[in-house]
$ cat upload.pdb   # PDB, C-alpha atoms, pLDDT in the B column
MODEL        1
ATOM      1  CA  MET X   1     164.863  -0.955 -37.037  1.00 44.00           C
ATOM      2  CA  VAL X   2     163.984  -0.997 -33.354  1.00 45.00           C
ATOM      3  CA  GLU X   3     166.629   0.373 -31.037  1.00 47.00           C
ATOM      4  CA  SER X   4     167.060  -1.386 -27.690  1.00 45.00           C
ATOM      5  CA  VAL X   5     166.686   0.835 -24.670  1.00 46.00           C
ATOM      6  CA  GLN X   6     168.915   0.088 -21.681  1.00 48.00           C
ATOM      7  CA  THR X   7     167.614   1.083 -18.283  1.00 46.00           C
ATOM      8  CA  PRO X   8     170.416   2.653 -16.195  1.00 49.00           C
ATOM      9  CA  VAL X   9     171.132   0.873 -12.958  1.00 45.00           C
ATOM     10  CA  PRO X  10     171.168   3.208  -9.936  1.00 48.00           C
ATOM     11  CA  GLN X  11     174.678   3.835  -8.697  1.00 50.00           C
ATOM     12  CA  ALA X  12     173.874   3.017  -5.051  1.00 46.00           C
ATOM     13  CA  HIS X  13     172.287  -0.271  -6.076  1.00 47.00           C
ATOM     14  CA  SER X  14     175.243  -1.216  -8.250  1.00 46.00           C
ATOM     15  CA  GLN X  15     177.698  -0.376  -5.459  1.00 47.00           C
ATOM     16  CA  ALA X  16     175.764  -2.447  -2.943  1.00 42.00           C
ATOM     17  CA  HIS X  17     175.560  -5.286  -5.455  1.00 44.00           C
ATOM     18  CA  SER X  18     179.310  -5.192  -6.075  1.00 45.00           C
ATOM     19  CA  GLN X  19     180.052  -5.028  -2.352  1.00 46.00           C
ATOM     20  CA  ALA X  20     177.880  -8.066  -1.772  1.00 43.00           C
ATOM     21  CA  HIS X  21     179.893  -9.934  -4.389  1.00 45.00           C
ATOM     22  CA  ARG X  22     183.159  -8.834  -2.764  1.00 58.00           C
ATOM     23  CA  GLN X  23     182.110 -10.293   0.608  1.00 55.00           C
ATOM     24  CA  PRO X  24     184.432 -13.224   1.382  1.00 62.00           C
ATOM     25  CA  GLY X  25     182.883 -16.632   1.756  1.00 63.00           C
ATOM     26  CA  GLY X  26     183.661 -19.833   3.569  1.00 69.00           C
ATOM     27  CA  MET X  27     186.103 -19.730   6.449  1.00 71.00           C
ATOM     28  CA  ARG X  28     187.326 -16.256   5.441  1.00 72.00           C
ATOM     29  CA  GLY X  29     183.788 -14.910   5.669  1.00 64.00           C
ATOM     30  CA  PHE X  30     183.329 -16.564   9.052  1.00 62.00           C
ATOM     31  CA  VAL X  31     186.503 -14.931  10.368  1.00 63.00           C
ATOM     32  CA  SER X  32     185.482 -11.578   8.856  1.00 63.00           C
ATOM     33  CA  ASP X  33     182.111 -11.682  10.619  1.00 60.00           C
ATOM     34  CA  TRP X  34     183.634 -12.484  13.995  1.00 60.00           C
ATOM     35  CA  ALA X  35     186.290  -9.787  13.533  1.00 57.00           C
ATOM     36  CA  SER X  36     183.726  -7.062  12.838  1.00 55.00           C
ATOM     37  CA  ASP X  37     184.075  -5.759  16.415  1.00 55.00           C
ATOM     38  CA  GLN X  38     187.585  -4.660  15.487  1.00 55.00           C
ATOM     39  CA  GLN X  39     186.077  -2.365  12.852  1.00 58.00           C
ATOM     40  CA  ALA X  40     183.595  -0.966  15.380  1.00 55.00           C
ATOM     41  CA  PHE X  41     186.457   0.348  17.541  1.00 59.00           C
ATOM     42  CA  LYS X  42     188.304   2.041  14.667  1.00 64.00           C
ATOM     43  CA  ASN X  43     187.006   5.530  15.489  1.00 69.00           C
ATOM     44  CA  VAL X  44     186.831   5.122  19.277  1.00 71.00           C
ATOM     45  CA  SER X  45     189.481   6.776  21.436  1.00 78.00           C
ATOM     46  CA  TRP X  46     191.817   4.493  23.337  1.00 80.00           C
ATOM     47  CA  GLY X  47     190.618   5.908  26.665  1.00 82.00           C
ATOM     48  CA  LYS X  48     186.969   5.074  26.046  1.00 87.00           C
ATOM     49  CA  ALA X  49     187.792   1.666  24.570  1.00 87.00           C
ATOM     50  CA  MET X  50     189.999   0.757  27.544  1.00 90.00           C
ATOM     51  CA  MET X  51     187.279   1.881  29.974  1.00 93.00           C
ATOM     52  CA  TRP X  52     184.731  -0.373  28.267  1.00 92.00           C
ATOM     53  CA  ILE X  53     187.162  -3.305  28.430  1.00 93.00           C
ATOM     54  CA  PHE X  54     187.820  -2.590  32.114  1.00 95.00           C
ATOM     55  CA  LEU X  55     184.094  -2.416  32.859  1.00 96.00           C
ATOM     56  CA  LEU X  56     183.540  -5.696  31.033  1.00 95.00           C
ATOM     57  CA  SER X  57     186.209  -7.425  33.122  1.00 96.00           C
ATOM     58  CA  ASP X  58     184.790  -5.866  36.289  1.00 96.00           C
ATOM     59  CA  THR X  59     181.348  -7.165  35.344  1.00 96.00           C
ATOM     60  CA  PHE X  60     182.719 -10.706  35.397  1.00 96.00           C
ATOM     61  CA  ILE X  61     184.280 -10.132  38.834  1.00 95.00           C
ATOM     62  CA  PHE X  62     181.115  -8.737  40.400  1.00 96.00           C
ATOM     63  CA  GLY X  63     179.106 -11.455  38.672  1.00 95.00           C
ATOM     64  CA  CYS X  64     181.322 -14.143  40.223  1.00 95.00           C
ATOM     65  CA  PHE X  65     180.931 -12.536  43.649  1.00 95.00           C
ATOM     66  CA  LEU X  66     177.139 -12.449  43.393  1.00 95.00           C
ATOM     67  CA  ILE X  67     176.943 -16.004  42.059  1.00 95.00           C
ATOM     68  CA  ALA X  68     179.176 -17.211  44.909  1.00 94.00           C
ATOM     69  CA  TYR X  69     176.947 -15.366  47.394  1.00 94.00           C
ATOM     70  CA  MET X  70     173.764 -16.911  45.988  1.00 93.00           C
ATOM     71  CA  THR X  71     175.363 -20.363  45.964  1.00 94.00           C
ATOM     72  CA  ALA X  72     176.432 -20.021  49.605  1.00 92.00           C
ATOM     73  CA  ARG X  73     173.021 -18.765  50.635  1.00 91.00           C
ATOM     74  CA  MET X  74     171.095 -21.539  48.897  1.00 92.00           C
ATOM     75  CA  SER X  75     173.438 -24.344  49.992  1.00 92.00           C
ATOM     76  CA  THR X  76     173.788 -23.511  53.686  1.00 90.00           C
ATOM     77  CA  THR X  77     171.797 -25.606  56.163  1.00 89.00           C
ATOM     78  CA  VAL X  78     171.804 -22.842  58.784  1.00 90.00           C
ATOM     79  CA  PRO X  79     169.067 -20.167  58.442  1.00 91.00           C
ATOM     80  CA  TRP X  80     170.227 -17.011  56.649  1.00 91.00           C
ATOM     81  CA  PRO X  81     169.952 -13.770  58.654  1.00 91.00           C
ATOM     82  CA  ASN X  82     166.934 -11.592  57.896  1.00 90.00           C
ATOM     83  CA  PRO X  83     168.209  -8.399  56.161  1.00 88.00           C
ATOM     84  CA  SER X  84     165.314  -6.340  57.567  1.00 87.00           C
ATOM     85  CA  GLU X  85     166.495  -7.114  61.089  1.00 85.00           C
ATOM     86  CA  VAL X  86     170.245  -6.955  60.451  1.00 89.00           C
ATOM     87  CA  PHE X  87     170.191  -3.657  58.554  1.00 89.00           C
ATOM     88  CA  GLY X  88     167.466  -1.926  60.530  1.00 86.00           C
ATOM     89  CA  LEU X  89     167.935   1.349  62.401  1.00 85.00           C
ATOM     90  CA  THR X  90     166.360   2.313  65.710  1.00 82.00           C
ATOM     91  CA  ILE X  91     165.031   5.888  65.658  1.00 83.00           C
ATOM     92  CA  ALA X  92     163.003   7.304  68.551  1.00 78.00           C
ATOM     93  CA  GLY X  93     162.502   3.820  69.899  1.00 78.00           C
ATOM     94  CA  HIS X  94     161.157   2.440  66.601  1.00 80.00           C
ATOM     95  CA  GLU X  95     162.954  -0.147  64.487  1.00 82.00           C
ATOM     96  CA  ILE X  96     162.914   0.960  60.828  1.00 87.00           C
ATOM     97  CA  PRO X  97     164.103  -1.784  58.452  1.00 87.00           C
ATOM     98  CA  LEU X  98     166.551  -0.956  55.651  1.00 89.00           C
ATOM     99  CA  LEU X  99     166.300   2.797  56.276  1.00 91.00           C
ATOM    100  CA  LEU X 100     170.029   3.439  55.888  1.00 92.00           C
ATOM    101  CA  ILE X 101     170.222   1.220  52.800  1.00 93.00           C
ATOM    102  CA  ALA X 102     167.338   3.113  51.187  1.00 94.00           C
ATOM    103  CA  ILE X 103     169.077   6.437  51.814  1.00 95.00           C
ATOM    104  CA  MET X 104     172.357   5.088  50.425  1.00 96.00           C
ATOM    105  CA  THR X 105     170.579   3.871  47.290  1.00 96.00           C
ATOM    106  CA  PHE X 106     168.833   7.213  46.796  1.00 96.00           C
ATOM    107  CA  VAL X 107     172.123   9.107  47.190  1.00 97.00           C
ATOM    108  CA  LEU X 108     173.968   6.924  44.694  1.00 96.00           C
ATOM    109  CA  ILE X 109     171.202   7.029  42.075  1.00 95.00           C
ATOM    110  CA  THR X 110     171.009  10.817  42.470  1.00 97.00           C
ATOM    111  CA  SER X 111     174.758  11.025  41.868  1.00 97.00           C
ATOM    112  CA  SER X 112     174.250   9.151  38.607  1.00 96.00           C
ATOM    113  CA  GLY X 113     171.911  11.926  37.474  1.00 96.00           C
ATOM    114  CA  THR X 114     174.359  14.697  38.375  1.00 97.00           C
ATOM    115  CA  MET X 115     177.128  12.826  36.551  1.00 97.00           C
ATOM    116  CA  ALA X 116     174.988  12.580  33.405  1.00 96.00           C
ATOM    117  CA  MET X 117     174.387  16.339  33.570  1.00 96.00           C
ATOM    118  CA  ALA X 118     178.136  16.929  33.985  1.00 96.00           C
ATOM    119  CA  VAL X 119     178.842  14.934  30.812  1.00 95.00           C
ATOM    120  CA  ASN X 120     176.216  16.954  28.938  1.00 94.00           C
ATOM    121  CA  PHE X 121     177.689  20.298  29.990  1.00 94.00           C
ATOM    122  CA  GLY X 122     181.189  18.982  29.330  1.00 92.00           C
ATOM    123  CA  TYR X 123     180.473  18.478  25.647  1.00 89.00           C
ATOM    124  CA  ARG X 124     179.025  21.987  25.563  1.00 90.00           C
ATOM    125  CA  ARG X 125     182.342  23.306  26.924  1.00 88.00           C
ATOM    126  CA  GLU X 126     180.577  24.868  29.934  1.00 91.00           C
ATOM    127  CA  ARG X 127     183.416  24.110  32.280  1.00 90.00           C
ATOM    128  CA  ARG X 128     182.059  25.834  35.398  1.00 93.00           C
ATOM    129  CA  ARG X 129     178.821  23.865  35.406  1.00 95.00           C
ATOM    130  CA  THR X 130     180.673  20.690  34.462  1.00 96.00           C
ATOM    131  CA  ALA X 131     183.117  21.066  37.353  1.00 96.00           C
ATOM    132  CA  LEU X 132     180.394  21.943  39.877  1.00 97.00           C
ATOM    133  CA  LEU X 133     178.281  18.944  38.887  1.00 97.00           C
ATOM    134  CA  MET X 134     181.301  16.641  39.087  1.00 97.00           C
ATOM    135  CA  ILE X 135     182.106  17.993  42.552  1.00 97.00           C
ATOM    136  CA  LEU X 136     178.479  17.441  43.579  1.00 98.00           C
ATOM    137  CA  THR X 137     178.689  13.882  42.245  1.00 98.00           C
ATOM    138  CA  ALA X 138     181.882  13.303  44.231  1.00 98.00           C
ATOM    139  CA  ILE X 139     180.278  14.698  47.406  1.00 98.00           C
ATOM    140  CA  LEU X 140     177.306  12.351  46.990  1.00 98.00           C
ATOM    141  CA  GLY X 141     179.702   9.461  46.420  1.00 97.00           C
ATOM    142  CA  ALA X 142     181.672  10.400  49.532  1.00 98.00           C
ATOM    143  CA  ALA X 143     178.407  10.535  51.501  1.00 98.00           C
ATOM    144  CA  PHE X 144     177.606   7.017  50.276  1.00 97.00           C
ATOM    145  CA  VAL X 145     181.015   5.748  51.402  1.00 97.00           C
ATOM    146  CA  GLY X 146     180.552   7.458  54.769  1.00 97.00           C
ATOM    147  CA  MET X 147     177.187   5.775  55.310  1.00 96.00           C
ATOM    148  CA  GLN X 148     178.698   2.456  54.290  1.00 95.00           C
ATOM    149  CA  ALA X 149     181.480   2.953  56.851  1.00 96.00           C
ATOM    150  CA  PHE X 150     178.799   3.642  59.482  1.00 95.00           C
ATOM    151  CA  GLU X 151     176.996   0.453  58.446  1.00 94.00           C
ATOM    152  CA  TRP X 152     180.202  -1.579  58.757  1.00 95.00           C
ATOM    153  CA  THR X 153     180.974  -0.079  62.179  1.00 95.00           C
ATOM    154  CA  LYS X 154     177.460  -0.849  63.423  1.00 92.00           C
ATOM    155  CA  LEU X 155     177.576  -4.474  62.262  1.00 92.00           C
ATOM    156  CA  ILE X 156     181.081  -5.057  63.621  1.00 94.00           C
ATOM    157  CA  HIS X 157     179.959  -3.625  66.966  1.00 94.00           C
ATOM    158  CA  GLU X 158     177.022  -6.060  66.930  1.00 90.00           C
ATOM    159  CA  GLY X 159     179.345  -9.026  66.413  1.00 91.00           C
ATOM    160  CA  VAL X 160     179.425  -9.578  62.651  1.00 91.00           C
ATOM    161  CA  ARG X 161     182.726 -11.055  61.472  1.00 92.00           C
ATOM    162  CA  PRO X 162     183.787 -12.676  58.185  1.00 90.00           C
ATOM    163  CA  TRP X 163     183.649 -16.061  59.925  1.00 90.00           C
ATOM    164  CA  GLU X 164     180.601 -15.643  62.203  1.00 89.00           C
ATOM    165  CA  ASN X 165     177.609 -13.531  63.135  1.00 88.00           C
ATOM    166  CA  PRO X 166     174.969 -13.684  65.880  1.00 89.00           C
ATOM    167  CA  TRP X 167     171.975 -14.107  63.546  1.00 90.00           C
ATOM    168  CA  GLY X 168     172.595 -17.286  61.600  1.00 89.00           C
ATOM    169  CA  ALA X 169     174.759 -18.626  58.754  1.00 91.00           C
ATOM    170  CA  ALA X 170     178.454 -17.844  59.133  1.00 90.00           C
ATOM    171  CA  GLN X 171     178.799 -17.172  55.396  1.00 91.00           C
ATOM    172  CA  PHE X 172     176.738 -14.001  55.804  1.00 93.00           C
ATOM    173  CA  GLY X 173     179.625 -11.962  57.210  1.00 92.00           C
ATOM    174  CA  SER X 174     182.176 -12.979  54.602  1.00 92.00           C
ATOM    175  CA  SER X 175     179.722 -12.381  51.743  1.00 93.00           C
ATOM    176  CA  PHE X 176     178.708  -8.990  53.114  1.00 94.00           C
ATOM    177  CA  PHE X 177     182.214  -7.651  53.707  1.00 95.00           C
ATOM    178  CA  MET X 178     183.563  -9.004  50.410  1.00 94.00           C
ATOM    179  CA  ILE X 179     180.824  -7.676  48.122  1.00 95.00           C
ATOM    180  CA  THR X 180     180.118  -4.329  49.781  1.00 96.00           C
ATOM    181  CA  GLY X 181     183.815  -3.746  50.466  1.00 96.00           C
ATOM    182  CA  PHE X 182     184.784  -4.351  46.846  1.00 96.00           C
ATOM    183  CA  HIS X 183     182.009  -2.048  45.652  1.00 97.00           C
ATOM    184  CA  GLY X 184     182.877   0.603  48.236  1.00 96.00           C
ATOM    185  CA  THR X 185     186.477   0.539  47.016  1.00 97.00           C
ATOM    186  CA  HIS X 186     185.254   1.284  43.491  1.00 97.00           C
ATOM    187  CA  VAL X 187     183.145   4.192  44.751  1.00 97.00           C
ATOM    188  CA  THR X 188     186.094   5.599  46.724  1.00 97.00           C
ATOM    189  CA  ILE X 189     188.386   5.449  43.684  1.00 97.00           C
ATOM    190  CA  GLY X 190     185.694   7.122  41.613  1.00 97.00           C
ATOM    191  CA  VAL X 191     185.317   9.943  44.154  1.00 97.00           C
ATOM    192  CA  ILE X 192     189.071  10.619  44.080  1.00 96.00           C
ATOM    193  CA  PHE X 193     189.198  10.781  40.287  1.00 95.00           C
ATOM    194  CA  LEU X 194     186.065  12.921  40.141  1.00 96.00           C
ATOM    195  CA  PHE X 195     187.739  15.545  42.319  1.00 96.00           C
ATOM    196  CA  ILE X 196     190.925  15.393  40.201  1.00 92.00           C
ATOM    197  CA  VAL X 197     189.126  15.793  36.873  1.00 92.00           C
ATOM    198  CA  ALA X 198     186.755  18.448  38.267  1.00 95.00           C
ATOM    199  CA  ARG X 199     189.719  20.526  39.401  1.00 92.00           C
ATOM    200  CA  LYS X 200     191.280  20.352  35.943  1.00 90.00           C
ATOM    201  CA  VAL X 201     187.993  21.267  34.268  1.00 92.00           C
ATOM    202  CA  TRP X 202     187.549  24.225  36.650  1.00 92.00           C
ATOM    203  CA  ARG X 203     191.062  25.515  35.891  1.00 89.00           C
ATOM    204  CA  GLY X 204     190.422  25.233  32.166  1.00 86.00           C
ATOM    205  CA  ASP X 205     193.172  22.697  31.522  1.00 84.00           C
ATOM    206  CA  PHE X 206     191.163  21.079  28.733  1.00 82.00           C
ATOM    207  CA  ASP X 207     190.621  24.461  27.029  1.00 80.00           C
ATOM    208  CA  THR X 208     194.187  25.777  27.207  1.00 78.00           C
ATOM    209  CA  GLY X 209     195.867  22.471  26.409  1.00 70.00           C
ATOM    210  CA  ARG X 210     197.787  22.474  29.669  1.00 72.00           C
ATOM    211  CA  ARG X 211     199.772  19.281  29.848  1.00 70.00           C
ATOM    212  CA  GLY X 212     199.505  16.912  32.752  1.00 67.00           C
ATOM    213  CA  PHE X 213     197.554  13.912  33.980  1.00 62.00           C
ATOM    214  CA  PHE X 214     194.676  13.299  31.505  1.00 58.00           C
ATOM    215  CA  THR X 215     195.373  16.626  29.743  1.00 54.00           C
ATOM    216  CA  SER X 216     197.958  15.871  27.062  1.00 56.00           C
ATOM    217  CA  ARG X 217     195.608  17.147  24.340  1.00 58.00           C
ATOM    218  CA  LYS X 218     193.728  20.412  24.044  1.00 61.00           C
ATOM    219  CA  GLY X 219     189.976  20.386  24.630  1.00 58.00           C
ATOM    220  CA  ARG X 220     189.849  16.742  25.637  1.00 75.00           C
ATOM    221  CA  TYR X 221     186.560  16.850  27.531  1.00 83.00           C
ATOM    222  CA  GLU X 222     185.995  13.195  26.661  1.00 88.00           C
ATOM    223  CA  ILE X 223     187.573  12.280  29.997  1.00 89.00           C
ATOM    224  CA  VAL X 224     184.369  13.565  31.628  1.00 93.00           C
ATOM    225  CA  GLU X 225     182.373  11.025  29.626  1.00 93.00           C
ATOM    226  CA  ILE X 226     184.848   8.277  30.525  1.00 93.00           C
ATOM    227  CA  MET X 227     184.391   9.133  34.190  1.00 95.00           C
ATOM    228  CA  GLY X 228     180.656   9.012  33.583  1.00 95.00           C
ATOM    229  CA  LEU X 229     180.905   5.489  32.180  1.00 95.00           C
ATOM    230  CA  TYR X 230     182.746   4.344  35.284  1.00 97.00           C
ATOM    231  CA  TRP X 231     180.345   6.076  37.671  1.00 97.00           C
ATOM    232  CA  HIS X 232     177.200   4.739  35.979  1.00 96.00           C
ATOM    233  CA  PHE X 233     178.693   1.252  36.136  1.00 97.00           C
ATOM    234  CA  VAL X 234     179.288   1.596  39.883  1.00 96.00           C
ATOM    235  CA  ASP X 235     175.675   2.734  40.325  1.00 96.00           C
ATOM    236  CA  LEU X 236     174.352  -0.155  38.245  1.00 96.00           C
ATOM    237  CA  VAL X 237     176.333  -2.698  40.267  1.00 96.00           C
ATOM    238  CA  TRP X 238     174.842  -1.282  43.467  1.00 96.00           C
ATOM    239  CA  VAL X 239     171.333  -1.900  42.100  1.00 95.00           C
ATOM    240  CA  PHE X 240     172.153  -5.599  41.782  1.00 95.00           C
ATOM    241  CA  ILE X 241     173.757  -5.702  45.238  1.00 95.00           C
ATOM    242  CA  PHE X 242     170.738  -3.947  46.704  1.00 94.00           C
ATOM    243  CA  ALA X 243     168.341  -6.400  45.048  1.00 92.00           C
ATOM    244  CA  PHE X 244     170.205  -9.632  45.783  1.00 91.00           C
ATOM    245  CA  PHE X 245     171.734  -8.895  49.170  1.00 88.00           C
ATOM    246  CA  TYR X 246     169.353  -6.535  50.951  1.00 90.00           C
ATOM    247  CA  LEU X 247     165.930  -7.368  49.455  1.00 88.00           C
ATOM    248  CA  TRP X 248     166.253 -11.109  48.967  1.00 83.00           C
TER     249      TRP X 248
ENDMDL
END

$ encode --input "upload.pdb" --output "structure tokens"
Amino acid sequence: MVESVQTPVPQAHSQAHSQAHRQPGGMRGFVSDWASDQQAFKNVSWGKAMMWIFLLSDTFIFGCFLIAYMTARMSTTVPWPNPSEVFGLTIAGHEIPLLLIAIMTFVLITSSGTMAMAVNFGYRRERRRTALLMILTAILGAAFVGMQAFEWTKLIHEGVRPWENPWGAAQFGSSFFMITGFHGTHVTIGVIFLFIVARKVWRGDFDTGRRGFFTSRKGRYEIVEIMGLYWHFVDLVWVFIFAFFYLW
């Protein structure tokens, strides 16, 4: 008599097979697929999730501003001002185009690097280095805002207004002040919060569990990463502004 030999099915394979059979079908499966993002946020802190949602909404706002700017520029019948002439600086009798804008861009991109280093040291619990790098990031951001204020003052002195300018299309002034002003406001808010969080990191609030603004839980260095998300977003937006407004 020949005995039949049964080959054991691997446990992982059987589990995957059973899970595949448990997958809902039809409309329920469709809803389950589209609701999978809800599962992705199960283990994400509320602070990080809310920051991502805020950045997503801000992306739409900046996108609308840039689309409106491009539409106004392409639809106007009056020549658009030349950015190399408008944003040039005269040094030692020589006109250097986009010099200030290049310095501003370099400063902001450098601050993105210091912020990334601050996040890295934050997760290592090296609070002194984290705080110093956040302060350096805030100083670079403040320098950017200061140069932007100088740029605004220079253009206003030369006759640029939201409704007119001496170089061409009237929409140039309104587009410039709206887009750069909105971005500069974001940078200013970021600088303020960087100083606040850096002070708390320096004092050791996240190590001792000292209660207060952003410090209701002990060792919550994740706020440094959340600040990093915001700051990198501000830097990324500036890259698009630089490309579409100053180089185009």

$ closest_residue --input "upload.pdb" --among "X:Tyr69, X:Phe144, X:Phe87, X:Trp163" --to "Gly190 (chain X)" --atoms "all atoms listed in the file"
X:Phe144

$ residues_around --input "upload.pdb" --residues "Arg203 (chain X)" --least-positions-apart "5" --cutoff "10 Å" --atoms "all atoms listed in the file" --output "short mmCIF file (atom, residue, chain, number, x, y, z; two decimals) with C-alpha atoms, in the frame of the given file"
data_model
loop_
_atom_site.label_atom_id
_atom_site.label_comp_id
_atom_site.auth_asym_id
_atom_site.auth_seq_id
_atom_site.Cartn_x
_atom_site.Cartn_y
_atom_site.Cartn_z
CA ARG X 127 183.42 24.11 32.28
CA ARG X 128 182.06 25.83 35.40
CA ALA X 131 183.12 21.07 37.35
CA VAL X 197 189.13 15.79 36.87
CA ALA X 198 186.76 18.45 38.27
CA THR X 208 194.19 25.78 27.21
CA ARG X 210 197.79 22.47 29.67
#

$ resolve_selection --input "upload.pdb" --expression "the PyMOL selection byres ((chain X and resi 231-243) around 7)" --output "ChimeraX atom specification"
/X:108-109,112,186-187,190,227-230,244-248

$ closest_residue --input "upload.pdb" --among "X:Leu99, X:Gly184, X:Tyr221, X:Asn82" --to "Gly209 (chain X)" --atoms "all atoms listed in the file"
X:Tyr221

$ residues_around --input "upload.pdb" --residues "Phe121 (chain X)" --least-positions-apart "4" --cutoff "12 Å" --atoms "all atoms listed in the file" --output "VMD selection string"
chain X and resid 114 to 117 125 to 134 201 221 to 222 224 to 225

$ closest_residue --input "upload.pdb" --among "X:Val78, X:Ile91, X:Ile67, X:Met147" --to "Glu164 (chain X)" --atoms "all atoms listed in the file"
X:Val78

$ residues_around --input "upload.pdb" --residues "region 150-162 of chain X" --least-positions-apart "3" --cutoff "7 Å" --atoms "all atoms listed in the file" --output "list in words"
Gly146, Met147, Asn165, Pro166, Gly173, Ser174 and Phe177 of chain X

$ atom_distance --input "upload.pdb" --atom1 "CA of Leu98 (chain X)" --atom2 "CA of Ala149 (chain X)"
15.5 Å

$ axis_aligned_box --input "upload.pdb" --around "region 119-138 of chain X" --padding-each-side "5 Å" --output "JSON"
{"center_x": 179.8, "center_y": 19.6, "center_z": 34.9, "size_x": 17.2, "size_y": 22.5, "size_z": 28.7}

$ atom_distance --input "upload.pdb" --atom1 "CA of Gln148 (chain X)" --atom2 "CA of Gly181 (chain X)"
8.9 Å

$ resolve_selection --input "upload.pdb" --expression "the PyMOL selection byres ((chain X and resi 52) around 12)" --output "list in words"
Phe41, Val44, Ser45, Trp46, Gly47, Lys48, Ala49, Met50, Met51, Ile53, Phe54, Leu55, Leu56, Ser57, Asp58, Thr59, Glu225, Ile226, Met227, Gly228, Leu229, Tyr230, His232 and Phe233 of chain X

$ closest_residue --input "upload.pdb" --among "X:Ser111, X:Thr90, X:Ser84, X:Thr180" --to "Leu66 (chain X)" --atoms "only C-alpha atoms"
X:Thr180

$ atom_distance --input "upload.pdb" --atom1 "CA of Trp202 (chain X)" --atom2 "CA of Thr137 (chain X)"
14.7 Å

$ closest_residue --input "upload.pdb" --among "X:Met178, X:Val86, X:Met104, X:Ala170" --to "Ile61 (chain X)" --atoms "all atoms listed in the file"
X:Met178

$ closest_residue --input "upload.pdb" --among "X:Arg220, X:Gly168, X:Leu136, X:Ser75" --to "Val191 (chain X)" --atoms "all atoms listed in the file"
X:Leu136
